[in-house]
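**Q** Next comes the structure file structure.txt, holding compact mmCIF, C-alpha atoms.
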# COMPACT_ATOMS: atom_id res chain seq x y z
CA MET K 1 150.74 -158.96 -44.14
CA THR K 2 150.37 -162.64 -43.53
CA LEU K 3 147.76 -163.77 -41.07
CA PHE K 4 148.27 -166.57 -38.63
CA PRO K 5 145.80 -168.33 -36.37
CA LYS K 6 147.38 -166.66 -33.41
CA ILE K 7 145.84 -163.40 -34.57
CA ILE K 8 142.61 -164.77 -33.13
CA GLN K 9 144.16 -165.19 -29.73
CA ALA K 10 145.94 -161.92 -30.20
CA GLY K 11 142.70 -160.05 -30.79
CA VAL K 12 141.20 -161.46 -27.62
CA PHE K 13 144.31 -160.56 -25.71
CA ALA K 14 144.20 -156.98 -26.95
CA GLY K 15 140.60 -156.72 -25.88
CA LEU K 16 141.36 -158.00 -22.41
CA LEU K 17 144.21 -155.57 -22.02
CA ALA K 18 142.03 -152.67 -23.07
CA PHE K 19 139.39 -153.78 -20.59
CA ALA K 20 141.87 -154.17 -17.78
CA SER K 21 143.53 -150.85 -18.51
CA ALA K 22 144.22 -149.35 -15.13
CA CYS K 23 144.35 -145.65 -14.47
CA SER K 24 141.82 -145.06 -17.23
CA THR K 25 139.86 -142.27 -15.68
CA THR K 26 137.10 -140.45 -17.45
CA ASP K 27 138.89 -137.12 -17.48
CA SER K 28 140.36 -135.65 -20.62
CA GLY K 29 143.86 -136.45 -19.43
CA GLY K 30 144.78 -132.77 -19.58
CA LEU K 31 145.36 -130.20 -16.94
CA THR K 32 142.74 -127.62 -16.16
CA PRO K 33 143.58 -125.00 -18.75
CA SER K 34 144.00 -121.38 -17.78
CA ASN K 35 143.99 -120.51 -21.45
CA PRO K 36 142.30 -122.29 -24.33
CA SER K 37 145.58 -122.74 -26.16
CA ASP K 38 146.93 -124.89 -23.32
CA THR K 39 145.10 -127.84 -24.77
CA LEU K 40 145.04 -129.07 -28.31
CA PRO K 41 142.12 -128.07 -30.54
CA ASN K 42 138.87 -129.96 -30.12
CA GLN K 43 139.40 -133.47 -31.47
CA ALA K 44 135.75 -134.56 -31.54
CA GLY K 45 134.75 -136.93 -34.32
CA GLY K 46 136.94 -138.87 -36.65
CA TYR K 47 138.88 -142.03 -35.97
CA THR K 48 142.13 -143.16 -34.46
CA ASP K 49 144.99 -142.42 -36.86
CA ASP K 50 143.22 -139.48 -38.49
CA VAL K 51 145.55 -136.53 -38.42
CA ALA K 52 144.83 -134.50 -35.26
CA ALA K 53 142.90 -131.25 -35.69
CA GLY K 54 145.36 -128.39 -36.05
CA PHE K 55 148.14 -130.71 -37.26
CA GLU K 56 147.06 -131.10 -40.88
CA ASN K 57 149.75 -128.81 -42.14
CA VAL K 58 152.20 -127.95 -39.37
CA GLN K 59 153.93 -124.64 -40.05
CA PRO K 60 157.46 -124.02 -38.81
CA GLY K 61 157.34 -121.78 -35.74
CA SER K 62 153.74 -122.65 -34.87
CA GLU K 63 152.56 -124.03 -31.52
CA GLN K 64 152.00 -127.36 -33.25
CA ASP K 65 155.58 -127.34 -34.47
CA PHE K 66 156.72 -126.64 -30.89
CA ILE K 67 154.64 -129.53 -29.53
CA LEU K 68 155.92 -132.00 -32.14
CA THR K 69 159.58 -131.01 -32.29
CA ALA K 70 160.58 -129.64 -28.89
CA GLY K 71 157.74 -130.93 -26.72
CA ARG K 72 156.07 -128.95 -23.94
CA ARG K 73 156.72 -131.19 -20.95
CA ILE K 74 159.78 -131.36 -18.68
CA TYR K 75 159.82 -134.13 -16.05
CA PHE K 76 161.27 -134.27 -12.54
CA ALA K 77 162.22 -136.93 -10.02
CA GLN K 78 160.04 -137.31 -6.94
CA SER K 79 160.35 -134.44 -4.45
CA SER K 80 162.97 -132.78 -6.64
CA ALA K 81 163.16 -129.54 -8.57
CA ALA K 82 166.59 -130.37 -10.01
CA LEU K 83 167.00 -130.49 -13.78
CA ASP K 84 168.55 -133.76 -14.92
CA ASP K 85 170.26 -134.24 -18.29
CA THR K 86 167.03 -135.28 -19.97
CA ALA K 87 165.20 -132.22 -18.65
CA LYS K 88 168.04 -129.98 -19.83
CA ALA K 89 167.96 -131.57 -23.28
CA THR K 90 164.24 -130.81 -23.62
CA ILE K 91 164.72 -127.24 -22.39
CA ASN K 92 167.63 -126.81 -24.82
CA ASN K 93 165.24 -127.75 -27.63
CA GLN K 94 162.72 -125.24 -26.30
CA ILE K 95 165.39 -122.55 -26.06
CA ALA K 96 166.41 -123.19 -29.67
CA PHE K 97 162.78 -122.80 -30.73
CA LEU K 98 162.28 -119.58 -28.73
CA GLN K 99 165.47 -118.14 -30.18
CA LYS K 100 164.45 -118.99 -33.71
CA TYR K 101 160.92 -117.61 -33.27
CA PRO K 102 161.22 -114.47 -31.12
CA LYS K 103 157.52 -113.59 -31.36
CA TRP K 104 156.70 -116.12 -28.64
CA PHE K 105 156.57 -115.63 -24.89
CA ALA K 106 156.54 -118.68 -22.63
CA LYS K 107 154.43 -119.34 -19.57
CA LEU K 108 156.05 -122.03 -17.45
CA GLN K 109 153.57 -123.98 -15.35
CA GLY K 110 154.93 -126.16 -12.56
CA PHE K 111 153.07 -129.16 -11.16
CA ALA K 112 153.63 -131.51 -8.26
CA ASP K 113 151.77 -134.21 -6.38
CA ASP K 114 154.73 -135.32 -4.32
CA PRO K 115 154.71 -135.81 -0.56
CA GLY K 116 155.15 -132.45 1.20
CA ASN K 117 154.54 -128.90 0.08
CA ASN K 118 153.43 -129.10 -3.53
CA GLN K 119 152.79 -125.41 -3.94
CA GLN K 120 156.40 -124.65 -3.10
CA LEU K 121 157.86 -127.57 -5.07
CA SER K 122 155.86 -126.82 -8.22
CA GLN K 123 157.03 -123.18 -8.08
CA GLN K 124 160.63 -124.33 -7.62
CA ARG K 125 160.30 -126.56 -10.68
CA ALA K 126 158.89 -123.76 -12.83
CA ASP K 127 161.59 -121.37 -11.56
CA ALA K 128 164.32 -123.93 -12.31
CA VAL K 129 163.17 -124.14 -15.92
CA MET K 130 162.91 -120.36 -16.21
CA ASN K 131 166.38 -119.80 -14.77
CA TYR K 132 167.87 -122.38 -17.14
CA MET K 133 166.20 -120.67 -20.10
CA ILE K 134 167.50 -117.26 -18.99
CA ALA K 135 171.00 -118.71 -18.61
CA GLY K 136 170.54 -120.10 -22.12
CA GLY K 137 169.96 -116.63 -23.52
CA ILE K 138 166.19 -116.11 -23.44
CA ALA K 139 165.25 -112.59 -22.30
CA PRO K 140 163.68 -112.74 -18.81
CA GLY K 141 160.86 -110.50 -20.04
CA ARG K 142 159.62 -113.29 -22.32
CA LEU K 143 159.21 -115.77 -19.47
CA TRP K 144 157.14 -116.18 -16.36
CA ALA K 145 156.81 -119.12 -14.02
CA LYS K 146 153.89 -120.25 -11.91
CA GLY K 147 153.56 -123.25 -9.62
CA TYR K 148 150.31 -125.00 -8.90
CA GLY K 149 149.29 -127.07 -5.92
CA LYS K 150 147.67 -130.46 -5.85
CA ASP K 151 144.45 -129.05 -7.26
CA ARG K 152 145.87 -129.03 -10.76
CA GLU K 153 147.47 -132.24 -11.89
CA VAL K 154 147.25 -134.52 -14.88
CA ARG K 155 145.00 -136.64 -12.74
CA SER K 156 144.71 -137.95 -9.23
CA CYS K 157 146.16 -141.41 -8.92
CA SER K 158 148.42 -143.69 -6.93
CA GLU K 159 150.04 -145.68 -9.74
CA ARG K 160 153.63 -144.87 -10.49
CA ALA K 161 153.06 -144.45 -14.23
CA CYS K 162 150.40 -141.92 -13.33
CA LYS K 163 152.40 -140.03 -10.74
CA VAL K 164 155.48 -139.52 -12.90
CA GLN K 165 153.27 -137.54 -15.28
CA ASN K 166 152.33 -135.15 -12.51
CA ARG K 167 155.91 -134.11 -11.71
CA ARG K 168 156.41 -131.72 -14.53
CA VAL K 169 156.69 -128.26 -15.95
CA VAL K 170 154.67 -127.44 -19.05
CA THR K 171 155.98 -124.72 -21.36
CA ASN K 172 153.05 -122.91 -22.95
CA LEU K 173 153.63 -120.45 -25.77
CA ARG K 174 151.93 -117.05 -25.62
CA LEU K 175 151.84 -114.15 -28.05
CA GLN K 176 151.82 -111.59 -25.24
CA ARG K 177 152.84 -111.40 -21.66
CA GLU K 178 150.34 -112.30 -18.95
CA ASP K 179 150.52 -111.64 -15.24
CA MET X 1 167.63 -156.52 -32.11
CA GLU X 2 168.85 -159.10 -34.50
CA PHE X 3 169.80 -158.53 -38.08
CA ASN X 4 167.87 -160.39 -40.63
CA ARG X 5 169.55 -160.97 -43.94
CA ARG X 6 166.31 -160.95 -45.88
CA GLU X 7 165.66 -157.42 -44.71
CA VAL X 8 169.02 -155.90 -45.36
CA ILE X 9 169.68 -157.11 -48.85
CA PHE X 10 166.97 -154.93 -50.48
CA GLY X 11 168.09 -156.05 -53.90
CA ALA X 12 170.98 -153.66 -53.63
CA THR X 13 174.55 -154.79 -53.68
CA ALA X 14 175.88 -152.13 -51.38
CA VAL X 15 175.87 -153.89 -48.06
CA VAL X 16 178.59 -153.83 -45.48
CA ALA X 17 179.02 -156.86 -43.32
CA GLY X 18 179.97 -156.01 -39.77
CA ALA X 19 180.86 -158.14 -36.79
CA ALA X 20 177.46 -157.66 -35.18
CA GLY X 21 175.38 -157.18 -38.25
CA ILE X 22 175.01 -155.84 -41.71
CA LEU X 23 174.51 -152.22 -42.51
CA PRO X 24 172.77 -151.10 -45.63
CA ALA X 25 174.94 -148.37 -47.07
CA SER X 26 172.26 -147.50 -49.53
CA ALA X 27 169.02 -148.79 -50.88
CA GLN X 28 167.91 -149.35 -54.39
CA LYS X 29 164.62 -147.85 -55.42
CA ALA X 30 163.01 -150.69 -57.30
CA THR X 31 160.57 -148.53 -59.21
CA THR X 32 163.04 -146.16 -60.77
CA GLY X 33 166.26 -148.05 -60.41
CA LYS X 34 167.62 -144.80 -59.03
CA LYS X 35 169.91 -145.21 -56.08
CA THR X 36 168.57 -143.38 -53.06
CA SER X 37 170.32 -143.35 -49.74
CA TRP X 38 168.54 -144.23 -46.53
CA PHE X 39 170.71 -141.61 -44.89
CA ALA X 40 170.59 -137.84 -45.25
CA GLY X 41 173.92 -137.04 -43.63
CA THR X 42 175.39 -137.12 -40.17
CA ALA X 43 174.63 -135.46 -36.86
CA VAL X 44 176.24 -135.46 -33.44
CA ASP X 45 174.30 -136.55 -30.39
CA ASN X 46 175.95 -136.63 -26.97
CA GLY X 47 179.36 -136.87 -28.58
CA VAL X 48 178.45 -139.64 -31.02
CA THR X 49 178.33 -139.01 -34.75
CA PHE X 50 175.54 -140.96 -36.38
CA LYS X 51 173.84 -141.22 -39.77
CA THR X 52 170.62 -139.24 -39.96
CA THR X 53 167.58 -140.74 -41.65
CA ASN X 54 166.68 -139.56 -45.13
CA PHE X 55 162.96 -139.14 -44.42
CA ALA X 56 162.40 -138.12 -48.05
CA VAL X 57 162.61 -141.81 -49.00
CA ILE X 58 160.62 -143.05 -45.99
CA ASP X 59 156.92 -143.74 -46.47
CA LYS X 60 154.93 -140.89 -44.85
CA GLN X 61 153.04 -143.31 -42.61
CA TRP X 62 156.24 -144.03 -40.66
CA HIS X 63 156.98 -140.34 -40.02
CA LYS X 64 156.33 -138.84 -36.60
CA GLN X 65 152.89 -137.23 -36.58
CA MET X 66 150.10 -136.10 -34.28
CA VAL X 67 147.00 -138.24 -34.76
CA LYS X 68 143.65 -138.70 -33.11
CA TYR X 69 143.58 -141.53 -30.61
CA LYS X 70 140.15 -142.71 -29.57
CA SER X 71 140.91 -145.07 -26.68
CA SER X 72 141.03 -144.37 -22.99
CA GLU X 73 144.69 -144.94 -22.12
CA PRO X 74 145.86 -142.06 -19.94
CA ALA X 75 148.22 -139.38 -21.25
CA GLY X 76 151.84 -140.45 -21.01
CA THR X 77 151.16 -144.11 -21.87
CA VAL X 78 153.10 -145.76 -24.69
CA VAL X 79 151.05 -148.18 -26.80
CA VAL X 80 152.62 -150.33 -29.50
CA ASP X 81 150.42 -151.75 -32.25
CA THR X 82 152.68 -154.58 -33.35
CA ARG X 83 150.65 -155.70 -36.32
CA HIS X 84 150.46 -152.25 -37.88
CA HIS X 85 153.94 -151.13 -36.84
CA PHE X 86 152.92 -148.03 -34.95
CA LEU X 87 154.01 -146.74 -31.56
CA TYR X 88 151.68 -144.21 -29.93
CA LEU X 89 152.62 -141.85 -27.14
CA ILE X 90 149.26 -140.83 -25.73
CA MET X 91 148.84 -137.07 -25.34
CA GLU X 92 145.99 -135.08 -23.84
CA ASN X 93 142.61 -134.49 -25.40
CA GLY X 94 142.29 -137.63 -27.51
CA THR X 95 145.55 -137.31 -29.41
CA ALA X 96 148.78 -139.24 -29.68
CA ILE X 97 152.17 -138.78 -31.26
CA ARG X 98 152.57 -141.72 -33.63
CA TYR X 99 155.89 -143.16 -34.76
CA GLY X 100 156.60 -145.99 -37.21
CA VAL X 101 158.39 -149.00 -35.70
CA GLY X 102 159.93 -152.33 -36.63
CA VAL X 103 158.84 -155.28 -34.51
CA GLY X 104 159.64 -158.91 -33.80
CA ARG X 105 159.44 -161.37 -36.64
CA ASP X 106 157.17 -164.37 -36.43
CA GLY X 107 157.95 -166.46 -33.38
CA PHE X 108 159.87 -163.63 -31.75
CA GLN X 109 157.05 -161.30 -30.87
CA TRP X 110 156.35 -160.25 -27.34
CA PHE X 111 153.13 -158.81 -25.94
CA GLY X 112 152.36 -157.44 -22.53
CA ARG X 113 152.30 -154.53 -20.14
CA ALA X 114 155.45 -153.13 -18.63
CA ASN X 115 157.07 -149.97 -17.34
CA ILE X 116 160.17 -148.16 -18.52
CA ASP X 117 162.48 -148.64 -15.53
CA ARG X 118 165.78 -147.86 -17.19
CA LYS X 119 166.83 -145.55 -20.01
CA ALA X 120 170.20 -145.24 -21.70
CA LEU X 121 171.98 -143.00 -24.19
CA TRP X 122 174.00 -144.86 -26.83
CA PRO X 123 173.74 -148.09 -24.84
CA LYS X 124 176.20 -150.92 -24.96
CA TRP X 125 174.65 -153.97 -26.64
CA THR X 126 175.01 -157.42 -25.12
CA PRO X 127 173.44 -160.01 -27.41
CA PRO X 128 171.36 -162.40 -25.28
CA PRO X 129 172.81 -165.94 -24.98
CA GLU X 130 170.07 -167.49 -27.12
CA MET X 131 170.82 -165.04 -29.89
CA ARG X 132 174.51 -165.90 -29.77
CA LYS X 133 173.55 -169.55 -29.97
CA ARG X 134 171.73 -168.84 -33.21
CA GLN X 135 174.48 -166.60 -34.50
CA PRO X 136 177.75 -167.82 -33.02
CA ASN X 137 179.72 -165.11 -34.81
CA LEU X 138 178.13 -162.38 -32.66
CA PRO X 139 180.50 -160.73 -30.23
CA GLU X 140 179.94 -160.85 -26.47
CA PHE X 141 179.08 -157.17 -26.51
CA VAL X 142 179.24 -154.11 -28.74
CA ASP X 143 180.25 -150.74 -27.32
CA GLY X 144 177.68 -147.98 -27.11
CA GLY X 145 177.87 -145.64 -30.10
CA ALA X 146 179.84 -148.17 -32.18
CA PRO X 147 178.77 -148.09 -35.85
CA THR X 148 177.72 -151.75 -35.57
CA ASN X 149 175.65 -151.35 -32.40
CA PRO X 150 172.06 -152.11 -33.43
CA LEU X 151 170.50 -150.31 -30.45
CA SER X 152 171.68 -147.02 -31.92
CA ALA X 153 171.01 -143.78 -30.03
CA ARG X 154 168.76 -144.80 -27.13
CA ALA X 155 167.26 -147.76 -25.34
CA LEU X 156 164.22 -147.75 -23.08
CA TYR X 157 164.19 -150.95 -21.04
CA LEU X 158 160.88 -152.64 -20.27
CA PHE X 159 160.42 -154.09 -16.80
CA ASP X 160 157.56 -156.10 -15.45
CA GLY X 161 158.58 -156.94 -11.91
CA GLY X 162 161.97 -157.82 -13.43
CA ASP X 163 163.71 -157.06 -16.70
CA THR X 164 161.59 -158.45 -19.54
CA GLY X 165 164.61 -158.40 -21.84
CA TYR X 166 162.63 -156.29 -24.28
CA ARG X 167 163.45 -152.73 -25.21
CA LEU X 168 162.39 -149.82 -27.33
CA HIS X 169 165.52 -148.77 -29.19
CA GLY X 170 166.96 -147.22 -32.33
CA THR X 171 168.11 -148.90 -35.49
CA LEU X 172 170.94 -148.82 -38.01
CA GLU X 173 168.56 -149.96 -40.73
CA PRO X 174 165.92 -147.36 -41.63
CA GLY X 175 164.47 -149.86 -44.12
CA SER X 176 163.47 -152.18 -41.27
CA ILE X 177 160.88 -149.73 -39.92
CA GLY X 178 157.41 -150.99 -40.79
CA LYS X 179 158.65 -154.58 -40.91
CA ASP X 180 158.71 -157.72 -38.74
CA VAL X 181 162.43 -158.21 -38.35
CA SER X 182 163.66 -158.07 -34.79
CA SER X 183 163.94 -160.63 -32.01
CA GLY X 184 161.03 -159.04 -30.23
CA CYS X 185 162.35 -155.58 -29.52
CA ILE X 186 160.68 -152.46 -30.87
CA ARG X 187 163.01 -150.50 -33.12
CA MET X 188 162.62 -146.90 -34.20
CA PHE X 189 164.43 -144.37 -36.38
CA PRO X 190 167.25 -142.87 -34.26
CA GLU X 191 165.65 -139.42 -34.47
CA HIS X 192 162.39 -140.87 -33.17
CA VAL X 193 163.83 -142.83 -30.27
CA ILE X 194 165.81 -139.73 -29.25
CA ASP X 195 162.53 -137.82 -29.24
CA LEU X 196 160.62 -140.53 -27.36
CA TYR X 197 163.36 -140.76 -24.76
CA GLN X 198 162.78 -137.09 -23.91
CA ARG X 199 159.06 -137.63 -23.50
CA CYS X 200 159.02 -140.77 -21.32
CA PRO X 201 160.01 -140.35 -17.68
CA LEU X 202 161.09 -143.44 -15.74
CA GLY X 203 157.94 -145.27 -14.70
CA THR X 204 156.13 -144.70 -18.01
CA ALA X 205 153.57 -147.43 -18.73
CA VAL X 206 154.03 -149.37 -21.95
CA GLN X 207 151.53 -151.72 -23.60
CA VAL X 208 152.80 -153.90 -26.40
CA LEU X 209 149.69 -155.18 -28.16
CA PRO X 210 149.07 -157.38 -31.18
CA HIS X 211 147.02 -154.42 -32.37
CA ILE X 212 145.04 -151.59 -30.81
CA ALA X 213 141.30 -152.08 -30.34
CA ASP X 214 140.47 -149.53 -33.05
CA ARG X 215 142.48 -151.52 -35.54
CA ALA X 216 141.02 -154.93 -34.70
CA PRO X 217 140.85 -157.12 -37.80
CA PRO X 218 137.39 -157.49 -39.31
CA ALA X 219 135.56 -160.66 -38.33
CA ASP X 220 136.06 -162.47 -41.62
CA ASP X 221 139.71 -161.57 -41.51
CA VAL X 222 139.97 -163.46 -38.24
CA GLN X 223 138.01 -166.44 -39.52
CA ASN X 224 140.15 -166.71 -42.57
CA GLY X 225 143.28 -166.32 -40.50
Please render this file's structure as structure tokens.
**A**
Amino acid sequence: MTLFPKIIQAGVFAGLLAFASACSTTDSGGLTPSNPSDTLPNQAGGYTDDVAAGFENVQPGSEQDFILTAGRRIYFAQSSAALDDTAKATINNQIAFLQKYPKWFAKLQGFADDPGNNQQLSQQRADAVMNYMIAGGIAPGRLWAKGYGKDREVRSCSERACKVQNRRVVTNLRLQRED
Amino acid sequence: MEFNRREVIFGATAVVAGAAGILPASAQKATTGKKTSWFAGTAVDNGVTFKTTNFAVIDKQWHKQMVKYKSSEPAGTVVVDTRHHFLYLIMENGTAIRYGVGVGRDGFQWFGRANIDRKALWPKWTPPPEMRKRQPNLPEFVDGGAPTNPLSARALYLFDGGDTGYRLHGTLEPGSIGKDVSSGCIRMFPEHVIDLYQRCPLGTAVQVLPHIADRAPPADDVQNG
């Protein structure tokens, strides 16, 4: 790749941006896990661009395959538990995965930090995803939905880019049913 | 967003000139001389039939993959390393999904922070006036889903107070991923931009950087630059 003098300016600019990065809290960026498999394996050590631990050789039907192909997260508009077309497309991908790999159960965790009753809204979001999956042919016995209040979010913040991450349902794969 | 003749010729003769651009129908593998298609077949997305990427001929570094990411951007942020042609979607626990991208050619690059304030499926393409000035044969607009529409399957529009004019979008030219070819937009394989679209709610923060901090050029590299 050819280098130009502007790379010098560019490098400084990148540094400034990194320094000014808002919303960069010290937390891990993940939700408080109720189960170790809700977060990715420990990623200590190594460097940026190293293949992530657990993703060296992704097997079809594995949790890693689910994360990379279907994705775990379904997003919602503020104060809404309605599934938009994008949400439905993600759930359709999840349904296809669950149908192809029937060994998995799915725990649907709803989150909310919207104005109003978050406990209720997060449960409505998780239920909406569960009902859509059942309508899509997944046996109800393989699914359960739980909403969480404001105590469990991605992170506490006021920025819009932050808040949109909190309005979500996360589909977690399980090998057996939990209560 | 713009087609660059240097990038589409590939040494192959099989090019199709369209009203809005030039589509490589196939690519020539220089090493073997064996003709290998950029496209694996077709698929239907939201009613539009499109050519799927033949990832078997795409360098592994441009494939979608989960990598470690050692900076502090919060989960959900999109970071583009323009120089190295990678787009990172930051995930939890020090990881990111990394996609290969094509970026703006020299003089057409754009850097900054923005938010995704609009998203579209198979968007209509309106070439900006300055682009039509450079290429007077460009049409006023190209319908969404048209085989000559360079935005391809999705566009994510970057706003910074107002519309920056820059987008993350698909491409008709798989061979342009990993290159500096566009007018400043970030282009991705159609399969990748479809995937990214699902993962980025409206409001998602985007940083388009010359390079990420972890890939800063070594000091002598800068001095010699």
**Q** Measure the distance from atom CA of X:Arg105 to atom CA of X:Val142 in Å and round it to one decimal.
**A**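 Computed distance, atom CA of X:Arg105 to atom CA of X:Val142, equals 22.5 Å.
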**Q** Can you work out which one of X:Gln109, X:Ser182, X:Gln135, X:Thr53 has the shortest atom-to-atom distance to chain K, counting all atoms listed in the file?
**A** X:Gln109
**Q** Here's a test: counting all atoms listed in the file, identify every protein, DNA and RNA residue with an atom at most 12 Å from (161.2, -138.4, -1.3) in the file's coordinate frame, and state them as an MDAnalysis selection string.
**A** chainID K and resid 76:81 113:117 121
**Q** Quote the spacing between atom CA of X:His84 and atom CA of K:Ala53 in Å to one decimal place.
**A** 22.4 Å
**Q** One number please: atom CA of K:Leu83 to atom CA of X:Tyr99, in Å, one decimal.
**A**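 Atom-to-atom, atom CA of K:Leu83 and atom CA of X:Tyr99 are spaced 26.9 Å apart.
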**Q** Compile a residue-level contact table for stretch 35-154 of chain K against stretch 162-174 of chain K at a cut-off of 8 Å, reporting for every qualifying residue the shortest atom pair and its distance in Å to one decimal, with all atoms listed in the file counted, rows ordered by chain and ascending number, as CSV.
**A**
residue,atom,partner,partner_atom,distance
K:Asp38,CA,K:Asn172,CA,6.4
K:Glu63,CA,K:Leu173,CA,6.9
K:Arg72,CA,K:Thr171,CA,5.0
K:Arg73,CA,K:Val170,CA,4.7
K:Ile74,CA,K:Val169,CA,5.2
K:Tyr75,CA,K:Arg168,CA,4.4
K:Phe76,CA,K:Arg167,CA,5.4
K:Ala77,CA,K:Arg167,CA,7.1
K:Gln78,CA,K:Arg167,CA,7.1
K:Trp104,CA,K:Arg174,CA,5.7
K:Phe105,CA,K:Arg174,CA,4.9
K:Ala106,CA,K:Leu173,CA,4.6
K:Lys107,CA,K:Asn172,CA,5.1
K:Leu108,CA,K:Thr171,CA,4.7
K:Gln109,CA,K:Val170,CA,5.2
K:Gly110,CA,K:Val169,CA,4.4
K:Phe111,CA,K:Arg168,CA,5.4
K:Ala112,CA,K:Arg167,CA,4.9
K:Asp113,CA,K:Asn166,CA,6.2
K:Asp114,CA,K:Arg167,CA,7.6
K:Ser122,CA,K:Val169,CA,7.9
K:Arg125,CA,K:Val169,CA,6.6
K:Ala126,CA,K:Val169,CA,5.9
K:Val129,CA,K:Val169,CA,7.7
K:Glu153,CA,K:Asn166,CA,5.7
K:Val154,CA,K:Asn166,CA,5.6
**Q** Near stretch 152-165 of chain X, counting all atoms listed in the file, which residues have an atom at most 9 Å away, once you skip same-chain residues fewer than 2 positions from it, shown as an MDAnalysis selection string?
**A** chainID X and resid 45 48 50 112:123 128 144:150 167:172 185 189:191 193:194 197 200 206
**Q** At a cut-off of 12 Å, using all atoms listed in the file, what residues contact X:Gly104? Leave out same-chain residues fewer than 2 positions from it and give the result as a compact mmCIF listing (two decimals) with C-alpha atoms, keeping the file's coordinate frame.
**A**
# COMPACT_ATOMS: atom_id res chain seq x y z
CA MET X 1 167.63 -156.52 -32.11
CA GLU X 2 168.85 -159.10 -34.50
CA PHE X 3 169.80 -158.53 -38.08
CA ASN X 4 167.87 -160.39 -40.63
CA VAL X 80 152.62 -150.33 -29.50
CA ASP X 81 150.42 -151.75 -32.25
CA THR X 82 152.68 -154.58 -33.35
CA ARG X 83 150.65 -155.70 -36.32
CA HIS X 85 153.94 -151.13 -36.84
CA VAL X 101 158.39 -149.00 -35.70
CA GLY X 102 159.93 -152.33 -36.63
CA ASP X 106 157.17 -164.37 -36.43
CA GLY X 107 157.95 -166.46 -33.38
CA PHE X 108 159.87 -163.63 -31.75
CA GLN X 109 157.05 -161.30 -30.87
CA TRP X 110 156.35 -160.25 -27.34
CA PHE X 111 153.13 -158.81 -25.94
CA TYR X 166 162.63 -156.29 -24.28
CA ARG X 167 163.45 -152.73 -25.21
CA LEU X 168 162.39 -149.82 -27.33
CA SER X 176 163.47 -152.18 -41.27
CA ILE X 177 160.88 -149.73 -39.92
CA GLY X 178 157.41 -150.99 -40.79
CA LYS X 179 158.65 -154.58 -40.91
CA ASP X 180 158.71 -157.72 -38.74
CA VAL X 181 162.43 -158.21 -38.35
CA SER X 182 163.66 -158.07 -34.79
CA SER X 183 163.94 -160.63 -32.01
CA GLY X 184 161.03 -159.04 -30.23
CA CYS X 185 162.35 -155.58 -29.52
CA ILE X 186 160.68 -152.46 -30.87
CA ARG X 187 163.01 -150.50 -33.12
CA VAL X 208 152.80 -153.90 -26.40
CA PRO X 210 149.07 -157.38 -31.18
**Q** Would you mind telling me which residue in X:Val79, X:Arg132, X:Lys70, X:Glu173 lies nearest to chain K when using all atoms listed in the file?
**A**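 So, comparing all the options, the nearest one is X:Lys70.
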**Q** Write out as a compact mmCIF listing (two decimals) with C-alpha atoms, in the frame of the given file every residue belonging to chain X that has an atom at most 7 Å from any atom of chain K, counting only C-alpha atoms.
**A**
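Result file follows (selection-v4.txt):
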# COMPACT_ATOMS: atom_id res chain seq x y z
CA MET X 66 150.10 -136.10 -34.28
CA VAL X 67 147.00 -138.24 -34.76
CA LYS X 68 143.65 -138.70 -33.11
CA TYR X 69 143.58 -141.53 -30.61
CA LYS X 70 140.15 -142.71 -29.57
CA SER X 72 141.03 -144.37 -22.99
CA GLU X 73 144.69 -144.94 -22.12
CA PRO X 74 145.86 -142.06 -19.94
CA ALA X 75 148.22 -139.38 -21.25
CA GLY X 76 151.84 -140.45 -21.01
CA GLU X 92 145.99 -135.08 -23.84
CA ASN X 93 142.61 -134.49 -25.40
CA GLY X 94 142.29 -137.63 -27.51
CA THR X 95 145.55 -137.31 -29.41
CA GLN X 198 162.78 -137.09 -23.91
CA PRO X 201 160.01 -140.35 -17.68
CA GLY X 203 157.94 -145.27 -14.70
CA THR X 204 156.13 -144.70 -18.01
CA ALA X 205 153.57 -147.43 -18.73
CA LEU X 209 149.69 -155.18 -28.16
CA PRO X 210 149.07 -157.38 -31.18
CA HIS X 211 147.02 -154.42 -32.37
CA ILE X 212 145.04 -151.59 -30.81
CA ALA X 213 141.30 -152.08 -30.34
CA ASP X 214 140.47 -149.53 -33.05
CA ALA X 216 141.02 -154.93 -34.70
CA VAL X 222 139.97 -163.46 -38.24
CA GLY X 225 143.28 -166.32 -40.50
**Q** Nearest residue to X:Arg199 out of K:Cys157, K:Ile91, K:Gln124, K:Pro102, using all atoms listed in the file?
**A** K:Ile91
